[in-house]
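Participant: Supplied in structure tokens, the structure appears directly below.
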Amino acid sequence: MRNAGPIESPTDPFASVPLPTSSVSKKPRIEGLPPGVSRDIFGPPERQEPRQAQAPSASGGPSGGALPPAPPPAQPWPMAGNDSGRPAAVFGQESPREHPPAFEPEPRRRRLLPGLLTLLLLLAVLAYVVPAVLMSGSVLRGTRVSGVDIGGLTVTQAADKLRTELAAQLSKPVVADIGGKKDTIQADEAGLELDVVGTIGQAPSGFPSPQEVWRGLTGTTELEPKINIDTSQLTRTVEGLAESVDKRAQEGRVAFSGLTPKARQPQDGVLLDREDAVKRIGDAFLRGGGSVVLTLRPSKPVTTPGAVRAALAKAKQAVAAPVTLTLDGKQAQVPPAVIAANLSFASDGSGGLAPQFDAKAALTTVESSLVSAAQQPRDATYDIVNGKPVLVPARTGRGVNDKLLARDAEKVFAEGGDRTIPVRLGAVAPTVATSEIDNLGIKETLATFTTNFDCCQPRAKNIQRMAEELDGHIVKPGETFSINDVVGERTLEDGYVEAAETVGGRLVSIVGGGVSQFATTMYNAAYFSGLEDVEHKPMDYYTDQFPAGRDVALLYPESDLKWRNDSDNGVLIKTAFTQTSVTVALWGTKRYDKIEAVESERRDFTQFRRETSSEPGCLSTTGAQGFSIDVTRVFHKDGRVVKKDDKLTTKYRPQPQTTCTAS
């Protein structure tokens, strides 16, 4: 090479190559160190081998005749199978222990993994939110009510669909078996009604949860329909059933037909268990219709046939001769015909029959022979003279003590003996004193109402009889008037007859049938008088004889008409009737200029059904559709509205068209 100095070859060419050593490893000896490098790097001095003298160098070597530093030991060439990645050992130290290299993902994979997770999360959110938004605001998809699918509909649409498609399924009738007699009860007669709001309220709606979204997409939700039964309506229907099947126990009795005593033997009876019937019929409707057997309870009389025979013998003796009444030398005879008209033998509650004599009625024909009319008492009342109420004052009088006479006469009829009965006079106070009705402010007509009926029917006689009993009755301030309390049970003895009456949706024949028309007439008179309505029940069916929403069903003792005189003045009841009409007028002091009934439009029309009946005593009816109506009473005074009653809603049932086929 250019400018290179001469290269001197060593004396021994193999002197720089280390000779093979024994199997005992020794640390290499290194002669000479580079400048600045200490021999301490090879360990403590005591572990270093002694330095050997080197041969003198050849000519041209360094000064002092020393050889140059020996080269490092030659390393063998890496062979296959050797761990080339192992680091070389440091002279004087053990080789470091080998460790596997740590795993490090590739930089690109580290960037992709978070992105993939974010994308998956976004897809999951969208998979929930999108269908949830589409489902919100409606009934959860897949929702069914008894097979009717309302899923995906709004609440209003679902309600309309349930009314249309489910109502027919829930309107299956119930056939009641009452002692072998079958009677079909329709859903409307039980007051059965689908609770649409309650049914839909069970369904999930609004914004759905993830679980609801999954169920709406993959499954169905089955709901049971909620059904309401109007217990009061069903009770009225059962009452109608009872009226047609009840056979009350008949007590023994002896009464007269003319002068001939007639015996009525005691008889067993049966009564429908009303409470049990309401429960069984209601349960049957809730099960979806079908048949149900109702229970009849036995009804036993108290009297015995032997007691009737004994009373019959006593009755014959009672009219065998007149009874003579004596008073201060005066005499009056009660003839057998008057005795027979006012005497009967009825149950005494202990198994026997005892005489019952109406002495007060019997005295009306003979008392004048013992006491002058001027001495007799008189109740205070009002007469209407020239369209104005005129007070007729009460008068205390004297008369035969009818209670003592009844006691003495009944003893004679039961035990026999002397038929002459001394009577006693006493001061007889009037039933109604003048002070009770004077200064009550009864001075003008409050309201008058009239209804019409067909002439000459049995029901007309009952209407007229009730009008007679209530004419002249006075209701004091703060008092509550009740027809059932004042008139009592309608009986044949009181002049009532059997006539048709609608009871619980069924037309039946009862004593006093038809008096609901009188109650309706009085209700409207009280309504337009501004008096407080306390209690009344509307009729089951509408008839155009009466104003819609202002009719009254009257039945003793279940259904009553009650109104309260909430004014500061008395109220006088005056009645009048003809062969085809009845009128109720209420008198007092007016508090309002005008009272009107504001009616809503008729709505919720329901069609009537057609049926035939071969039952004995069947009464034909013409069909009439049902509907609902609201009526509000409005009070006017001084040209303005001063008060309104709460709205009164009446729901009329459809009246079936009944055709009787019995011959």
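Simple scheme: letters A, B, ... for chains in structure tokens order, numbers from 1 for residues in each chain, numbers from 1 for ligands in the order shown.
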I'd like the contact shell of region 237-243 of chain A - 8 Å cut-off, only C-alpha atoms, skipping same-chain residues fewer than 6 positions apart - returned as a PyMOL selection string.
Facilitator: chain A and resi 189-190+271-272+274+277-278+502-508
Participant: As a PyMOL selection string, please: every residue in region 219-370 of chain A that DSSP puts in helix (DSSP H, G or I).
Facilitator: chain A and resi 231-245+274-286+305-318+336-342+359-363+367-369
Participant: Could you name the residues that touch region 434-450 of chain A at 9 Å or less, counting only C-alpha atoms, but leaving out those on the same chain fewer than 5 positions away, as number ranges by chain?
Facilitator: A: 379-382, 387-395, 474, 476-477, 521-530, 568-572, 581-591
Participant: Could you pull out the strand (DSSP E or B) residues of region 451-564 of chain A, going by DSSP on the backbone, and write them as a PyMOL selection string?
Facilitator: chain A and resi 451-452+474-475+480-482+498-503+506-511+532-535+555+559+562-564
Participant: Please provide the set of residues having any atom within 6 Å of region 303-320 of chain A, restricted to only C-alpha atoms, with same-chain residues fewer than 6 positions apart removed, written as a PDB file with C-alpha atoms, in the first residue's frame.
Facilitator:
ATOM      1  CA  GLU A 251    -148.983 -18.940  56.405  1.00  0.00           C
ATOM      2  CA  GLY A 252    -152.345 -20.237  57.398  1.00  0.00           C
ATOM      3  CA  PRO A 336    -172.056  -9.360  61.103  1.00  0.00           C
ATOM      4  CA  GLY A 351    -147.829 -21.456  65.327  1.00  0.00           C
ATOM      5  CA  GLY A 352    -151.387 -20.382  66.024  1.00  0.00           C
ATOM      6  CA  PHE A 413    -163.894 -13.495  68.950  1.00  0.00           C
TER       7      PHE A 413
END
Participant: Mind checking which residues fall within 9 Å of region 551-559 of chain A, counting only C-alpha atoms, ignoring those fewer than 3 positions away in the same chain, and posting them as a list in words?
Facilitator: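 Result of the neighbour search: Ile483, Asn484, Gly488, Glu489, Arg490, Thr502, Val503, Gly512, Gly513, Gly514, Val515, Ser516, Gln517, Phe518, Ala519, Thr520, Thr521, Tyr523, Asn524, Glu535, His536, Lys537, Pro538, Met539, Asp540, Tyr542, Phe546, Pro547 and Ala548 of chain A.
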Participant: Create the file for the chosen residues now, containing N, CA, C and O atoms and written as a short mmCIF file (atom, residue, chain, number, x, y, z; two decimals), in the first residue's frame.
Facilitator:
data_model
loop_
_atom_site.label_atom_id
_atom_site.label_comp_id
_atom_site.auth_asym_id
_atom_site.auth_seq_id
_atom_site.Cartn_x
_atom_site.Cartn_y
_atom_site.Cartn_z
N ILE A 483 -141.38 7.39 49.82
CA ILE A 483 -142.64 6.74 49.45
C ILE A 483 -142.80 5.43 50.20
O ILE A 483 -143.88 5.13 50.75
N ASN A 484 -141.75 4.60 50.25
CA ASN A 484 -141.88 3.31 50.92
C ASN A 484 -142.15 3.46 52.41
O ASN A 484 -142.85 2.63 53.01
N GLY A 488 -145.70 2.24 52.67
CA GLY A 488 -145.47 0.88 53.12
C GLY A 488 -145.60 -0.12 51.98
O GLY A 488 -145.69 0.24 50.80
N GLU A 489 -145.63 -1.38 52.34
CA GLU A 489 -145.75 -2.44 51.34
C GLU A 489 -147.13 -2.41 50.70
O GLU A 489 -148.14 -2.24 51.38
N ARG A 490 -147.12 -2.56 49.39
CA ARG A 490 -148.40 -2.58 48.67
C ARG A 490 -149.03 -3.96 48.82
O ARG A 490 -148.41 -4.97 48.44
N THR A 502 -141.72 -4.01 35.49
CA THR A 502 -140.39 -4.44 35.09
C THR A 502 -139.49 -4.47 36.31
O THR A 502 -139.27 -3.45 36.95
N VAL A 503 -138.97 -5.67 36.62
CA VAL A 503 -138.09 -5.85 37.76
C VAL A 503 -136.82 -6.51 37.27
O VAL A 503 -136.85 -7.64 36.78
N GLY A 512 -149.25 -4.30 43.18
CA GLY A 512 -148.77 -2.92 43.15
C GLY A 512 -147.99 -2.58 41.90
O GLY A 512 -147.37 -1.50 41.82
N GLY A 513 -147.99 -3.46 40.90
CA GLY A 513 -147.27 -3.18 39.66
C GLY A 513 -147.77 -1.91 38.99
O GLY A 513 -148.98 -1.66 38.93
N GLY A 514 -146.83 -1.11 38.49
CA GLY A 514 -147.19 0.13 37.81
C GLY A 514 -146.96 1.38 38.63
O GLY A 514 -146.99 2.50 38.08
N VAL A 515 -146.67 1.24 39.95
CA VAL A 515 -146.52 2.43 40.79
C VAL A 515 -145.22 3.16 40.49
O VAL A 515 -145.02 4.28 40.99
N SER A 516 -144.31 2.55 39.71
CA SER A 516 -143.11 3.29 39.29
C SER A 516 -143.50 4.54 38.52
O SER A 516 -142.77 5.54 38.55
N GLN A 517 -144.65 4.51 37.84
CA GLN A 517 -145.09 5.70 37.11
C GLN A 517 -145.45 6.82 38.08
O GLN A 517 -145.13 8.00 37.83
N PHE A 518 -146.10 6.48 39.19
CA PHE A 518 -146.39 7.53 40.17
C PHE A 518 -145.09 8.09 40.74
O PHE A 518 -144.95 9.31 40.92
N ALA A 519 -144.12 7.22 41.05
CA ALA A 519 -142.84 7.68 41.58
C ALA A 519 -142.14 8.60 40.58
O ALA A 519 -141.53 9.61 40.97
N THR A 520 -142.21 8.27 39.29
CA THR A 520 -141.61 9.12 38.26
C THR A 520 -142.28 10.49 38.23
O THR A 520 -141.62 11.53 38.10
N THR A 521 -143.60 10.50 38.35
CA THR A 521 -144.35 11.76 38.35
C THR A 521 -143.95 12.63 39.54
O THR A 521 -143.69 13.84 39.39
N TYR A 523 -141.13 12.41 41.28
CA TYR A 523 -139.73 12.79 41.16
C TYR A 523 -139.57 14.06 40.33
O TYR A 523 -138.81 14.96 40.69
N ASN A 524 -140.27 14.13 39.22
CA ASN A 524 -140.16 15.31 38.37
C ASN A 524 -140.77 16.55 39.02
O ASN A 524 -140.25 17.66 38.84
N GLU A 535 -132.46 9.85 47.04
CA GLU A 535 -132.30 8.47 46.54
C GLU A 535 -133.32 8.19 45.44
O GLU A 535 -134.52 8.45 45.61
N HIS A 536 -132.86 7.66 44.35
CA HIS A 536 -133.75 7.12 43.31
C HIS A 536 -132.92 6.28 42.36
O HIS A 536 -131.72 6.48 42.22
N LYS A 537 -133.55 5.30 41.75
CA LYS A 537 -132.92 4.46 40.74
C LYS A 537 -133.67 4.63 39.43
O LYS A 537 -134.91 4.58 39.42
N PRO A 538 -132.94 4.82 38.34
CA PRO A 538 -133.64 4.92 37.04
C PRO A 538 -134.18 3.57 36.61
O PRO A 538 -133.77 2.52 37.10
N MET A 539 -135.09 3.59 35.69
CA MET A 539 -135.64 2.35 35.15
C MET A 539 -134.59 1.67 34.27
O MET A 539 -133.68 2.31 33.75
N ASP A 540 -134.75 0.36 34.12
CA ASP A 540 -133.80 -0.40 33.30
C ASP A 540 -133.94 -0.05 31.82
O ASP A 540 -132.95 0.03 31.10
N TYR A 542 -135.80 2.39 28.67
CA TYR A 542 -136.41 3.69 28.40
C TYR A 542 -137.78 3.49 27.75
O TYR A 542 -137.97 2.61 26.91
N PHE A 546 -142.03 8.71 29.61
CA PHE A 546 -141.35 9.50 30.63
C PHE A 546 -140.14 10.20 30.03
O PHE A 546 -139.57 9.75 29.03
N PRO A 547 -139.71 11.30 30.63
CA PRO A 547 -138.52 12.01 30.12
C PRO A 547 -137.25 11.19 30.32
O PRO A 547 -137.05 10.60 31.38
N ALA A 548 -136.41 11.15 29.31
CA ALA A 548 -135.16 10.38 29.38
C ALA A 548 -134.26 10.92 30.49
O ALA A 548 -134.05 12.13 30.60
#
Participant: Using only C-alpha atoms, pick whichever of A:Ala406, A:Ile421, A:Ser299, A:Ala373 has the shortest atom-to-atom distance to Lys330 (chain A).
Facilitator: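 Looking at the shortest contact to Lys330 (chain A), the residue is A:Ile421.
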Participant: May I have the residues within 10 Å of Ala255 (chain A) as a list of chain:residue names, using only C-alpha atoms and disregarding those fewer than 6 positions away in the same chain?
Facilitator: A:Pro261, A:Lys262, A:Ala263, A:Arg264, A:Ala311, A:Leu312, A:Ala315, A:Ala340, A:Ala341, A:Asn342, A:Leu343, A:Ser344, A:Phe345, A:Ala346, A:Pro355
Participant: Filtering to all heavy atoms, could you give me those residues as a compact mmCIF listing (two decimals), in the first residue's frame?
Facilitator:
# COMPACT_ATOMS: atom_id res chain seq x y z
N PRO A 261 -166.49 -17.59 56.12
CA PRO A 261 -165.04 -17.63 56.39
C PRO A 261 -164.35 -18.61 55.43
O PRO A 261 -164.87 -19.70 55.18
CB PRO A 261 -164.95 -18.10 57.83
CG PRO A 261 -166.22 -18.85 58.08
CD PRO A 261 -167.27 -18.23 57.22
N LYS A 262 -163.19 -18.19 54.90
CA LYS A 262 -162.42 -19.01 53.98
C LYS A 262 -161.05 -19.29 54.60
O LYS A 262 -160.35 -18.36 55.04
CB LYS A 262 -162.23 -18.30 52.64
CG LYS A 262 -163.55 -18.00 51.92
CD LYS A 262 -164.20 -19.26 51.38
CE LYS A 262 -165.44 -18.94 50.57
NZ LYS A 262 -166.10 -20.18 50.06
N ALA A 263 -160.69 -20.55 54.59
CA ALA A 263 -159.41 -20.94 55.18
C ALA A 263 -158.33 -21.06 54.10
O ALA A 263 -158.59 -21.58 53.01
CB ALA A 263 -159.55 -22.25 55.92
N ARG A 264 -157.15 -20.59 54.41
CA ARG A 264 -155.97 -20.79 53.54
C ARG A 264 -154.97 -21.61 54.33
O ARG A 264 -154.49 -21.20 55.38
CB ARG A 264 -155.36 -19.44 53.14
CG ARG A 264 -154.22 -19.56 52.15
CD ARG A 264 -153.65 -18.19 51.83
NE ARG A 264 -152.91 -17.63 52.94
CZ ARG A 264 -152.44 -16.38 52.98
NH1 ARG A 264 -152.68 -15.56 51.96
NH2 ARG A 264 -151.76 -15.94 54.03
N ALA A 311 -159.11 -21.83 64.00
CA ALA A 311 -159.48 -20.45 63.67
C ALA A 311 -160.72 -20.41 62.79
O ALA A 311 -161.54 -19.48 62.90
CB ALA A 311 -158.31 -19.78 62.94
N LEU A 312 -160.89 -21.40 61.93
CA LEU A 312 -162.07 -21.44 61.06
C LEU A 312 -163.35 -21.58 61.89
O LEU A 312 -164.37 -20.91 61.63
CB LEU A 312 -161.94 -22.60 60.08
CG LEU A 312 -163.00 -22.70 58.98
CD1 LEU A 312 -162.98 -21.45 58.10
CD2 LEU A 312 -162.77 -23.94 58.13
N ALA A 315 -164.06 -18.23 63.56
CA ALA A 315 -164.54 -17.24 62.61
C ALA A 315 -166.04 -17.40 62.36
O ALA A 315 -166.77 -16.40 62.22
CB ALA A 315 -163.76 -17.35 61.30
N ALA A 340 -167.34 -9.04 59.57
CA ALA A 340 -166.63 -9.86 58.57
C ALA A 340 -165.69 -9.02 57.72
O ALA A 340 -164.60 -9.48 57.35
CB ALA A 340 -167.65 -10.59 57.69
N ALA A 341 -166.10 -7.78 57.39
CA ALA A 341 -165.27 -6.92 56.54
C ALA A 341 -164.00 -6.45 57.23
O ALA A 341 -163.02 -6.07 56.56
CB ALA A 341 -166.09 -5.73 56.07
N ASN A 342 -163.99 -6.49 58.58
CA ASN A 342 -162.85 -5.95 59.32
C ASN A 342 -162.18 -6.97 60.23
O ASN A 342 -161.33 -6.61 61.04
CB ASN A 342 -163.31 -4.76 60.16
CG ASN A 342 -163.81 -3.60 59.30
OD1 ASN A 342 -163.02 -2.87 58.72
ND2 ASN A 342 -165.12 -3.46 59.23
N LEU A 343 -162.52 -8.24 60.07
CA LEU A 343 -161.97 -9.28 60.92
C LEU A 343 -161.24 -10.32 60.08
O LEU A 343 -161.72 -10.74 59.03
CB LEU A 343 -163.08 -9.96 61.74
CG LEU A 343 -162.65 -11.16 62.61
CD1 LEU A 343 -161.68 -10.72 63.71
CD2 LEU A 343 -163.89 -11.84 63.22
N SER A 344 -160.08 -10.76 60.57
CA SER A 344 -159.36 -11.87 59.95
C SER A 344 -158.59 -12.59 61.05
O SER A 344 -158.39 -12.04 62.15
CB SER A 344 -158.40 -11.38 58.86
OG SER A 344 -157.40 -10.54 59.40
N PHE A 345 -158.16 -13.82 60.76
CA PHE A 345 -157.34 -14.59 61.70
C PHE A 345 -155.99 -14.84 61.01
O PHE A 345 -155.93 -15.46 59.94
CB PHE A 345 -158.02 -15.91 62.05
CG PHE A 345 -159.22 -15.75 62.93
CD1 PHE A 345 -160.44 -15.33 62.40
CD2 PHE A 345 -159.15 -16.02 64.29
CE1 PHE A 345 -161.56 -15.18 63.20
CE2 PHE A 345 -160.27 -15.88 65.10
CZ PHE A 345 -161.47 -15.45 64.56
N ALA A 346 -154.94 -14.33 61.62
CA ALA A 346 -153.61 -14.42 61.02
C ALA A 346 -152.62 -15.01 62.02
O ALA A 346 -152.91 -15.15 63.21
CB ALA A 346 -153.15 -13.04 60.57
N PRO A 355 -157.20 -13.53 66.18
CA PRO A 355 -158.08 -12.57 65.50
C PRO A 355 -157.45 -11.19 65.43
O PRO A 355 -156.76 -10.76 66.35
CB PRO A 355 -159.34 -12.56 66.38
CG PRO A 355 -158.87 -13.01 67.73
CD PRO A 355 -157.73 -13.95 67.48
Participant: CA of Pro322 (chain A) and CA of Ser347 (chain A), how far apart in Å?
Facilitator: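 Answer for the CA of Ser347 (chain A) to CA of Pro322 (chain A) separation: 24.9 Å.
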Participant: To one decimal in Å, tell me the separation between CA of Val497 (chain A) and CA of Ile463 (chain A).
Facilitator: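 Straight-line distance from CA of Val497 (chain A) to CA of Ile463 (chain A) works out to 10.3 Å.
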Participant: Rounded to one decimal place, report the CA of Gln169 (chain A)-CA of Gly288 (chain A) distance in Å.
Facilitator: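 The value is 7.9 Å.
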Participant: Tell me which protein, DNA and RNA residues are within 9 Å of Arg248 (chain A), counting only C-alpha atoms, leaving out same-chain ones fewer than 2 positions away, and put them as a ChimeraX atom specification.
Facilitator: /A:246,250,267-271,298-301
Participant: When you count only C-alpha atoms, which of these residues is closest to Arg144 (chain A): A:Ala176, A:Ala203, A:Val428, A:Leu561?
Facilitator: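 For Arg144 (chain A), the nearest of the candidates is A:Ala203.
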